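*Asks:* If you scroll down you'll find the structure; I have some questions about it.
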Amino acid sequence: MKSFMISPPFGKDNLKIEEMDMPLKEEGNVTVRVRKAGLNPIDYNLINGRILYNLAPIPHVPGSEIYGIVETDGKYVKTGDRVIIYPRVFDGTCEYCLSGREYLCPHGGIWGVVTNGGYSDFVSVPEKQLFKLNQQMDEDIAVSLPIGGLTAYHALQRAGAVPGQSLLLYGASGNTGTFAMQIADSMGIEVYAVSRNSWVREFGASGIFTHDGVPAGFKADIVINSLGSSFWEDSVRHVANGGSIVSFGVQTGRESRLDIGDLYTREIRIIGSTGGNRKELMDLIRLSERKQFKVRIAKKFSLYDLKAAMAFFETKIGGRIILEN
Ligand SMILES: [Zn+2]
């Protein structure tokens with residue numbers, strides 16, 4: 001089988017296709033034939049050598065968001081089952097794992113970072129990380145749930161989102177943003193997207209603002225800011241008194257200013273969010289089956305054209321980049 005490997009000094013020009021042995025049968029693991037993989041900021045940054053903390057092994061197979069077909073029978077999944085991979089490694093025994101927060105497990109990390117990922121013909125994965133899909137689930141949706149979908153779902157859960165609230169979303173046209181709009185809309189939340197792309201309306205946004213066009217007095221119960229510092233002060237300005245700001249990305253920078261007086265007199269909640277747990281992934285799969293979520297595809301590439309896909313990523317054209325095998 002073939003796998004993409006990256007090693008220092010990193011960068012797409014150092015990606016190599018290697019002929020590897022098929023994964024050995026390990027206790028608790030099953031082999032999955034990779035059908036589709038997402039190319040997300042995490043993969044892009046890892047290949048460019050910007051994610052070195054806990055990166056193992058080196059040389060490394062990148063690829064954290066995978067949809068595939070089970071190749072060997074396990075205890076719960078059988079050959080031919082369509083599955084997605086929960087992209088977190090966890091021990092299952094610490095206080096975080098035992099309280100349903102396996103994504104915070106200090107003895108784990110992001111699958112595809114602390115372990116090899118799935119830019120490969122086959123991967124061997126612990127069965128506890130596999131989620132079965134029904135036959136109707138669209139493959140492009142399937143490969144978008146483990147990271148984009150789950151991050152959005154968990155962020156709304158963290159904010160305590162309930163029907164009737166309003167959401168202002170910075171970073172609406174990304175993979176996470178398009179799911180945040182659809183999930184929030186399906187929950188009865190009024191969605192306002194900050195985006196230069198008018199197509200975000202098709203994903204449930206009832207209002208669209210440009211980056212500098214959010215009206216001065218506009219307030220939302222929940223502000224999702226996945227972009228970091230550039231929009232931090234705007235996020236604080238536009239959150240309603242008693243509202244929540246949820247952050248899960250630092251694409252435009254990681255430092256900002258905060259008026260602490262503003263924070264407490266207006267009872268603003270600032271909430272960090274990362275990934276999501278397996279129960280949320282299961283709930284999200286069920287929700288996607290009922291709601292027929294959509295993804296916007298920027299472009300599809302063969303997995304073997306990973307270098308071209310990496311170059312396309314830099315065009316920042318909104319929508320998903322999907323690798324097919
Ligand atoms: Zn743990």
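Ordering of the structure tokens sets the chain letters (A, B, ...), residue numbers begin anew at 1 in every chain, and ligands are numbered from 1 in the order given.
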What's around Ala142 in chain A at 12 Å? Count only C-alpha atoms, leave out sequence neighbours fewer than 2 positions away in its own chain, and write the answer as an NGL selection string.
*Replies:* :A and (35-38 or 65-69 or 82-86 or 131-140 or 144-150 or 281 or 284-286 or 288-289 or 292-295 or 322)
*Asks:* Go ahead and save the residues from that selection, with C-alpha atoms, as a PDB file, in the first residue's frame.
*Replies:*
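out-v7.pdb written:
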```pdb
ATOM      1  CA  ARG A  35     -11.819   6.517   0.520  1.00  0.00           C
ATOM      2  CA  LYS A  36     -11.827  10.240   1.271  1.00  0.00           C
ATOM      3  CA  ALA A  37      -9.739  12.583   3.373  1.00  0.00           C
ATOM      4  CA  GLY A  38     -10.161  16.251   4.249  1.00  0.00           C
ATOM      5  CA  GLU A  65     -10.069  13.626   8.783  1.00  0.00           C
ATOM      6  CA  ILE A  66     -10.925  10.297   7.159  1.00  0.00           C
ATOM      7  CA  TYR A  67     -13.889   8.432   5.701  1.00  0.00           C
ATOM      8  CA  GLY A  68     -13.384   4.848   4.610  1.00  0.00           C
ATOM      9  CA  ILE A  69     -14.567   1.262   4.357  1.00  0.00           C
ATOM     10  CA  ARG A  82     -18.767   2.696   5.993  1.00  0.00           C
ATOM     11  CA  VAL A  83     -16.995   4.519   8.807  1.00  0.00           C
ATOM     12  CA  ILE A  84     -15.482   7.805   9.907  1.00  0.00           C
ATOM     13  CA  ILE A  85     -12.621   8.101  12.358  1.00  0.00           C
ATOM     14  CA  TYR A  86     -12.999  10.046  15.622  1.00  0.00           C
ATOM     15  CA  PHE A 131     -18.264   5.402  13.831  1.00  0.00           C
ATOM     16  CA  LYS A 132     -20.544   3.538  11.463  1.00  0.00           C
ATOM     17  CA  LEU A 133     -22.650   5.431   8.935  1.00  0.00           C
ATOM     18  CA  ASN A 134     -25.869   4.396   7.223  1.00  0.00           C
ATOM     19  CA  GLN A 135     -25.944   3.695   3.474  1.00  0.00           C
ATOM     20  CA  GLN A 136     -27.608   7.024   2.634  1.00  0.00           C
ATOM     21  CA  MET A 137     -24.961   9.325   4.097  1.00  0.00           C
ATOM     22  CA  ASP A 138     -23.242  11.309   1.365  1.00  0.00           C
ATOM     23  CA  GLU A 139     -19.481  10.619   1.310  1.00  0.00           C
ATOM     24  CA  ASP A 140     -18.517  14.298   1.137  1.00  0.00           C
ATOM     25  CA  SER A 144     -16.537  16.542   6.822  1.00  0.00           C
ATOM     26  CA  LEU A 145     -18.056  15.418  10.133  1.00  0.00           C
ATOM     27  CA  PRO A 146     -15.022  14.328  12.219  1.00  0.00           C
ATOM     28  CA  ILE A 147     -13.346  17.748  12.328  1.00  0.00           C
ATOM     29  CA  GLY A 148     -15.484  20.489  10.730  1.00  0.00           C
ATOM     30  CA  GLY A 149     -18.841  19.151  11.842  1.00  0.00           C
ATOM     31  CA  LEU A 150     -17.804  18.042  15.320  1.00  0.00           C
ATOM     32  CA  LEU A 281     -20.008  12.810  17.126  1.00  0.00           C
ATOM     33  CA  LEU A 284     -24.051  14.757  14.966  1.00  0.00           C
ATOM     34  CA  ILE A 285     -24.141  11.703  12.678  1.00  0.00           C
ATOM     35  CA  ARG A 286     -27.822  11.131  13.612  1.00  0.00           C
ATOM     36  CA  SER A 288     -26.881  14.797   9.658  1.00  0.00           C
ATOM     37  CA  GLU A 289     -28.897  11.755   8.640  1.00  0.00           C
ATOM     38  CA  GLN A 292     -29.333  16.311   5.058  1.00  0.00           C
ATOM     39  CA  PHE A 293     -26.557  18.790   5.695  1.00  0.00           C
ATOM     40  CA  LYS A 294     -24.574  20.128   2.753  1.00  0.00           C
ATOM     41  CA  VAL A 295     -20.918  20.826   2.164  1.00  0.00           C
ATOM     42  CA  ILE A 322     -11.355  16.763  -0.433  1.00  0.00           C
TER      43      ILE A 322
END
```
*Asks:* Can you list, as a PyMOL selection string, all residues belonging to range 150-221 of chain A that DSSP tags as alpha helix (DSSP H)?
*Replies:* chain A and resi 150-158+175-186
*Asks:* DSSP says strand (DSSP E or B) for which residues of range 9-245 of chain A? Put them as a ChimeraX atom specification?
*Replies:* /A:16-19,29-38,60,66-70,82-85,88-89,109-110,120,122-126,130-132,166-170,190-194,207-209,220-225,239-245
*Asks:* Please identify every polymer residue within 6 Å of ligand 1, using only C-alpha atoms and all ligand atoms, and present the set as a PyMOL selection string.
*Replies:* chain A and resi 90-94+96-97+102+105+107
*Asks:* Okay, now the selection with C-alpha atoms, as a tab-separated table (two decimals), in the first residue's frame?
*Replies:*
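Contents of out_6.tsv, as written:
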```tsv
chain	number	residue	atom	x	y	z
A	90	PHE	CA	-7.26	8.89	24.40
A	91	ASP	CA	-6.50	6.37	27.15
A	92	GLY	CA	-10.09	5.88	28.34
A	93	THR	CA	-9.02	5.79	32.01
A	94	CYS	CA	-8.19	9.34	33.18
A	96	TYR	CA	-11.26	13.54	31.52
A	97	CYS	CA	-12.03	10.34	29.64
A	102	GLU	CA	-11.77	12.32	26.01
A	105	CYS	CA	-7.11	13.45	27.68
A	107	HIS	CA	-2.31	10.99	27.53
```
*Asks:* Would you list the contacts of Glu255 in chain A as a PyMOL selection string, taking every protein, DNA or RNA residue within 12 Å and counting only C-alpha atoms, but skipping same-chain residues closer than 2 positions in sequence?
*Replies:* chain A and resi 227-233+249-253+257-258
*Asks:* Using only C-alpha atoms, which of the listed residues (A:Ser124, A:Asn116, A:Ser7, A:Asn54) sits closest to Gly28 in chain A?
*Replies:*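 Among A:Ser124, A:Asn116, A:Ser7, A:Asn54, it is A:Ser124 that comes nearest to Gly28 in chain A.
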*Asks:* At most 12 Å is the cut-off: for each residue in range 102-182 of chain A with any atom that close to an atom of range 304-315 of chain A, write down the nearest atom pair and the distance in Å rounded to one decimal, counting only C-alpha atoms, chain first then increasing number, as a Markdown table.
*Replies:*
```
| residue | atom | partner | partner_atom | distance |
| --- | --- | --- | --- | --- |
| A:Tyr119 | CA | A:Leu306 | CA | 8.7 |
| A:Ser120 | CA | A:Tyr304 | CA | 9.3 |
| A:Asp121 | CA | A:Tyr304 | CA | 10.1 |
| A:Gly174 | CA | A:Phe313 | CA | 11.7 |
```
*Asks:* Store the residues picked out above in a file with C-alpha atoms, as a PDB file, in the first residue's frame.
*Replies:*
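Saved as again.pdb:
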```pdb
ATOM      1  CA  TYR A 119      -3.185  10.024   3.771  1.00  0.00           C
ATOM      2  CA  SER A 120      -2.642   6.411   2.874  1.00  0.00           C
ATOM      3  CA  ASP A 121      -4.416   3.540   1.110  1.00  0.00           C
ATOM      4  CA  GLY A 174     -14.745  27.443   6.292  1.00  0.00           C
TER       5      GLY A 174
END
```
*Asks:* Given the choices A:Leu263, A:Leu39, A:Ile183, A:Val77, which gets closest to Lys291 in chain A if the distance is worked out from only C-alpha atoms?
*Replies:*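 Result for the nearest residue to Lys291 in chain A: A:Ile183.
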*Asks:* Give me the residues near Gln182 in chain A as an MDAnalysis selection string, where near means some atom within 7 Å (using only C-alpha atoms) and where sequence neighbours in that chain fewer than 2 positions away do not count.
*Replies:* chainID A and resid 178:180 184:186 203:204 293
*Asks:* Please determine, counting only C-alpha atoms, which residue among A:Thr274, A:Arg237, A:Glu190, A:Tyr170 has the shortest atom-to-atom distance to Phe209 in chain A.
*Replies:*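 Under the stated criterion, the closest residue is A:Tyr170.
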*Asks:* Go through A:Ser244, A:Ser3, A:Ser256, A:Asn325 and flag the residue nearest Ala161 in chain A, using only C-alpha atoms for the distances.
*Replies:*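 Checking each candidate against Ala161 in chain A, we get A:Ser244 as the closest.
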*Asks:* Might you pull out every residue within 12 Å of Glu26 in chain A, with only C-alpha atoms counted and same-chain residues fewer than 3 positions away left off, and present them as a ChimeraX atom specification?
*Replies:* /A:22-23,29-31,72-74,123-127
*Asks:* Restricting it to N, CA and C atoms, dump the selection as a short mmCIF file (atom, residue, chain, number, x, y, z; two decimals), in the first residue's frame.
*Replies:*
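Saved file selection.cif follows:
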```
data_model
loop_
_atom_site.label_atom_id
_atom_site.label_comp_id
_atom_site.auth_asym_id
_atom_site.auth_seq_id
_atom_site.Cartn_x
_atom_site.Cartn_y
_atom_site.Cartn_z
N MET A 22 1.20 -3.57 4.58
CA MET A 22 -0.16 -3.44 5.09
C MET A 22 -0.09 -3.47 6.62
N PRO A 23 -1.00 -2.71 7.32
CA PRO A 23 -0.97 -2.72 8.78
C PRO A 23 -1.14 -4.15 9.32
N ASN A 29 -7.80 -3.22 17.10
CA ASN A 29 -7.76 -2.37 15.90
C ASN A 29 -8.43 -3.04 14.71
N VAL A 30 -8.90 -2.25 13.78
CA VAL A 30 -9.34 -2.80 12.49
C VAL A 30 -8.66 -1.98 11.38
N THR A 31 -8.57 -2.59 10.21
CA THR A 31 -7.98 -1.90 9.07
C THR A 31 -9.10 -1.25 8.25
N THR A 72 -11.26 -5.24 7.60
CA THR A 72 -11.15 -6.47 8.39
C THR A 72 -12.21 -6.44 9.49
N ASP A 73 -12.84 -7.57 9.76
CA ASP A 73 -13.87 -7.62 10.80
C ASP A 73 -13.31 -7.23 12.16
N GLY A 74 -14.06 -6.44 12.92
CA GLY A 74 -13.72 -6.16 14.31
C GLY A 74 -14.80 -6.76 15.18
N VAL A 123 -5.50 2.37 6.80
CA VAL A 123 -5.04 2.74 8.14
C VAL A 123 -5.54 1.69 9.13
N SER A 124 -4.78 1.51 10.18
CA SER A 124 -5.19 0.62 11.27
C SER A 124 -5.63 1.52 12.42
N VAL A 125 -6.88 1.34 12.88
CA VAL A 125 -7.46 2.27 13.85
C VAL A 125 -8.11 1.49 15.00
N PRO A 126 -7.92 1.95 16.25
CA PRO A 126 -8.65 1.32 17.36
C PRO A 126 -10.16 1.41 17.10
N GLU A 127 -10.84 0.32 17.35
CA GLU A 127 -12.28 0.28 17.05
C GLU A 127 -13.06 1.35 17.82
#
```
*Asks:* Determine, counting only C-alpha atoms, which protein, DNA and RNA residues have an atom within 12 Å of an atom of Tyr53 in chain A; residues of the same chain fewer than 5 positions away are not included. Present the result as a PyMOL selection string.
*Replies:* chain A and resi 45-46+58+109-110+113-114
*Asks:* Can you write just those residues out, N, CA and C atoms, as an mmCIF file, in the first residue's frame?
*Replies:*
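Saved as part-v6.cif:
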```cif
data_model
loop_
_atom_site.group_PDB
_atom_site.id
_atom_site.type_symbol
_atom_site.label_atom_id
_atom_site.label_comp_id
_atom_site.auth_asym_id
_atom_site.auth_seq_id
_atom_site.Cartn_x
_atom_site.Cartn_y
_atom_site.Cartn_z
ATOM 1 N N ASN A 45 -0.925 22.819 8.127
ATOM 2 C CA ASN A 45 0.107 23.326 9.036
ATOM 3 C C ASN A 45 1.101 22.233 9.427
ATOM 4 N N LEU A 46 0.589 21.025 9.621
ATOM 5 C CA LEU A 46 1.486 19.909 9.979
ATOM 6 C C LEU A 46 2.491 19.652 8.850
ATOM 7 N N ILE A 58 8.101 10.393 13.310
ATOM 8 C CA ILE A 58 8.719 11.160 12.220
ATOM 9 C C ILE A 58 9.678 10.217 11.513
ATOM 10 N N GLY A 109 -4.130 12.964 22.236
ATOM 11 C CA GLY A 109 -3.885 14.103 21.365
ATOM 12 C C GLY A 109 -4.668 13.924 20.080
ATOM 13 N N ILE A 110 -4.318 14.690 19.097
ATOM 14 C CA ILE A 110 -5.050 14.637 17.834
ATOM 15 C C ILE A 110 -4.543 13.471 16.996
ATOM 16 N N VAL A 113 -1.687 13.425 14.410
ATOM 17 C CA VAL A 113 -0.575 14.261 14.889
ATOM 18 C C VAL A 113 0.274 13.422 15.864
ATOM 19 N N VAL A 114 -0.395 12.901 16.928
ATOM 20 C CA VAL A 114 0.347 12.074 17.891
ATOM 21 C C VAL A 114 0.491 10.631 17.388
#
```
